[in-house]
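Here is structure.tsv, consisting of TSV, C-alpha atoms:
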chain	number	residue	atom	x	y	z
A	27	MET	CA	89.62	10.14	-16.06
A	28	GLY	CA	86.77	12.65	-16.33
A	29	ASP	CA	85.16	14.28	-19.36
A	30	ALA	CA	87.42	17.31	-19.01
A	31	ASP	CA	90.43	15.13	-19.76
A	32	LYS	CA	89.01	13.86	-23.07
A	33	ARG	CA	89.55	15.68	-26.34
A	34	MET	CA	86.45	17.23	-27.89
A	35	THR	CA	85.11	15.64	-31.07
A	36	GLU	CA	84.91	17.67	-34.25
A	37	TYR	CA	81.14	18.02	-33.79
A	38	GLU	CA	81.51	19.24	-30.19
A	39	VAL	CA	84.03	21.87	-31.27
A	40	TYR	CA	81.71	23.01	-34.07
A	41	SER	CA	78.70	23.13	-31.73
A	42	TYR	CA	80.60	25.05	-29.07
A	43	GLU	CA	81.91	27.61	-31.58
A	44	ALA	CA	78.44	28.06	-33.11
A	45	PHE	CA	76.95	28.58	-29.65
A	46	ARG	CA	79.61	31.15	-28.70
A	47	LYS	CA	79.20	33.01	-31.99
A	48	LYS	CA	75.41	33.15	-31.66
A	49	TYR	CA	75.28	34.36	-28.06
A	50	ARG	CA	78.48	36.39	-27.72
A	51	ASP	CA	76.81	39.69	-28.67
A	52	ASP	CA	73.36	38.79	-27.38
A	53	VAL	CA	72.63	41.69	-25.06
A	54	ARG	CA	69.00	42.13	-24.06
A	55	PRO	CA	67.53	44.50	-21.47
A	56	VAL	CA	65.98	42.91	-18.40
A	57	ASP	CA	63.03	44.85	-17.01
A	58	GLY	CA	63.10	45.61	-13.31
A	59	LEU	CA	66.72	44.59	-12.82
A	60	THR	CA	69.02	46.93	-10.96
A	61	VAL	CA	72.71	46.89	-10.15
A	62	ALA	CA	71.81	46.37	-6.48
A	63	ALA	CA	69.88	43.23	-7.41
A	64	LEU	CA	72.98	41.86	-9.10
A	65	ASP	CA	75.22	42.74	-6.19
A	66	GLN	CA	76.12	39.55	-4.33
A	67	ASN	CA	76.38	41.42	-1.04
A	68	SER	CA	72.98	43.13	-1.13
A	69	SER	CA	70.26	41.54	0.97
A	70	LYS	CA	66.54	42.13	1.13
A	71	THR	CA	64.92	43.34	4.30
A	72	ALA	CA	62.15	41.23	5.83
A	73	GLU	CA	59.58	43.79	4.64
A	74	GLU	CA	60.85	43.62	1.04
A	75	GLU	CA	60.63	39.82	1.05
A	76	LYS	CA	57.02	39.92	2.23
A	77	ARG	CA	55.99	42.41	-0.44
A	78	VAL	CA	54.16	40.82	-3.39
A	79	PRO	CA	55.56	41.88	-6.77
A	80	ALA	CA	53.20	44.10	-8.78
A	81	THR	CA	53.64	41.95	-11.88
A	82	VAL	CA	52.12	38.78	-10.38
A	83	PRO	CA	49.15	37.72	-12.52
A	84	ASP	CA	46.15	36.98	-10.29
A	85	GLU	CA	43.28	36.77	-12.77
A	86	LYS	CA	41.19	34.41	-10.67
A	87	GLY	CA	41.53	36.09	-7.23
A	88	LEU	CA	43.69	33.28	-5.91
A	89	LEU	CA	45.73	35.56	-3.64
A	90	GLU	CA	42.62	36.68	-1.76
A	91	PHE	CA	41.30	33.11	-1.58
A	92	CYS	CA	44.57	31.83	-0.10
A	93	ARG	CA	44.67	34.34	2.76
A	94	THR	CA	43.50	31.31	4.73
A	95	PRO	CA	45.78	28.28	4.13
A	96	ARG	CA	44.20	26.08	1.44
A	97	SER	CA	44.80	22.59	0.09
A	98	ARG	CA	45.34	21.76	-3.58
A	99	ALA	CA	41.82	20.32	-3.80
A	100	GLU	CA	40.28	23.52	-2.40
A	101	ILE	CA	42.25	25.66	-4.86
A	102	ILE	CA	41.25	23.48	-7.83
A	103	GLU	CA	37.60	23.65	-6.78
A	104	PHE	CA	37.84	27.45	-6.36
A	105	LEU	CA	39.37	27.91	-9.81
A	106	ALA	CA	36.59	25.77	-11.36
A	107	ILE	CA	38.84	24.47	-14.13
A	108	PRO	CA	38.25	20.86	-15.25
A	109	SER	CA	41.96	20.04	-15.53
A	110	ALA	CA	43.60	20.09	-12.11
A	111	GLN	CA	47.08	19.96	-13.62
A	112	TYR	CA	46.34	22.96	-15.85
A	113	ALA	CA	44.87	24.92	-12.94
A	114	LEU	CA	47.90	24.34	-10.74
A	115	ARG	CA	50.52	24.96	-13.44
A	116	HIS	CA	48.95	28.10	-14.89
A	117	TYR	CA	47.57	29.79	-11.79
A	118	LEU	CA	49.20	28.46	-8.61
A	119	ASP	CA	52.79	27.76	-9.71
A	120	PRO	CA	53.47	31.30	-11.05
A	121	LEU	CA	52.31	32.78	-7.74
A	122	ILE	CA	54.57	30.41	-5.79
A	123	GLU	CA	57.57	31.22	-8.02
A	124	ALA	CA	56.92	34.95	-7.62
A	125	GLY	CA	56.89	34.57	-3.85
A	126	ALA	CA	53.27	35.65	-3.47
A	127	ILE	CA	52.14	32.31	-2.05
A	128	ARG	CA	54.14	30.14	0.32
A	129	LEU	CA	53.97	26.43	1.02
A	130	SER	CA	53.31	25.18	4.53
A	131	LEU	CA	55.73	22.29	3.92
A	132	PRO	CA	58.37	23.71	1.52
A	133	GLU	CA	60.62	20.67	1.98
A	134	LYS	CA	57.76	18.41	0.73
A	135	PRO	CA	56.06	20.24	-2.16
A	136	ARG	CA	54.00	17.16	-3.22
A	137	SER	CA	52.74	16.24	0.26
A	138	PRO	CA	48.98	15.58	0.52
A	139	LYS	CA	49.09	17.68	3.73
A	140	GLN	CA	50.50	20.67	1.82
A	141	ARG	CA	48.72	24.00	2.33
A	142	TYR	CA	49.16	27.18	0.32
A	143	GLU	CA	48.93	30.63	1.93
A	144	THR	CA	49.21	34.16	0.59
A	145	ILE	CA	52.17	36.10	1.95
A	146	VAL	CA	50.81	39.34	3.42

Show me, as structure tokens, the structure contained in the file I just sent.
Amino acid sequence: MGDADKRMTEYEVYSYEAFRKKYRDDVRPVDGLTVAALDQNSSKTAEEEKRVPATVPDEKGLLEFCRTPRSRAEIIEFLAIPSAQYALRHYLDPLIEAGAIRLSLPEKPRSPKQRYETIV
């Protein structure tokens, strides 16, 4: 017997109704989104996937530095920020999520042999 077979408690019903009421009419514009992007059948060309989005923040010149594959230690040293965790989370991770930098071992993101390279 799974959770779907159980009756909801009074609190769960209240919470669900409050959630629905709050977000039912929540319509916000999303910048840069097109109908084609939402279309399940549309696919990017290889050239479009390689293109770096214009909105990627690169305050420290990390994209240029990573034209040659670099290790985490090299990137932290280049950024010259005392906290390695802060440097990676605030500068490297956004570039990876935006698709501007790729991992040499994407299946092992925490590998000590991992290298980061700018996508040209």

Please provide as a list in words all residues within 12 Å of Ser130 in chain A, with the sequence filter that same-chain residues fewer than 6 positions apart are discarded (counting all atoms listed in the file).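 In the requested format, the answer is Cys92, Thr94, Pro95, Arg96, Ser97, Arg98, Ile122, Arg136, Ser137, Pro138, Lys139, Gln140, Arg141, Tyr142, Glu143, Thr144 and Ile145 of chain A.
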
Atomic distance CA of Lys86 in chain A - CA of Ile102 in chain A, expressed in Å with one decimal: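 Computed distance, CA of Lys86 in chain A to CA of Ile102 in chain A, equals 11.3 Å.
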
Record the distance separating CA of Pro108 in chain A and CA of Val146 in chain A, expressed in Å with one decimal.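 CA of Val146 in chain A lies at a distance of 29.1 Å from CA of Pro108 in chain A.
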
Give as a ChimeraX atom specification the set of residues within 12 Å of the point (39.6, 25.1, -7.5), where distances use the file's coordinates and all atoms listed in the file. /A:86-88,91-92,96-114,117-118

So how far away is CA of Pro132 in chain A from CA of His116 in chain A, in Å?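 CA of Pro132 in chain A lies at a distance of 19.4 Å from CA of His116 in chain A.
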
What are the centre and the three edge lengths of an axis-aligned box that wraps all atoms of range 112-120 of chain A in the file, given that 4 Å is added to every side, written as JSON and rounded to one decimal in Å?
{"center_x": 49.2, "center_y": 27.1, "center_z": -12.2, "size_x": 16.6, "size_y": 16.3, "size_z": 15.2}

Select, from A:Asp84, A:Lys134, A:Glu90, A:Glu38, the residue with the minimum atom-to-atom distance to Asp119 in chain A, counting all atoms listed in the file. A:Asp84
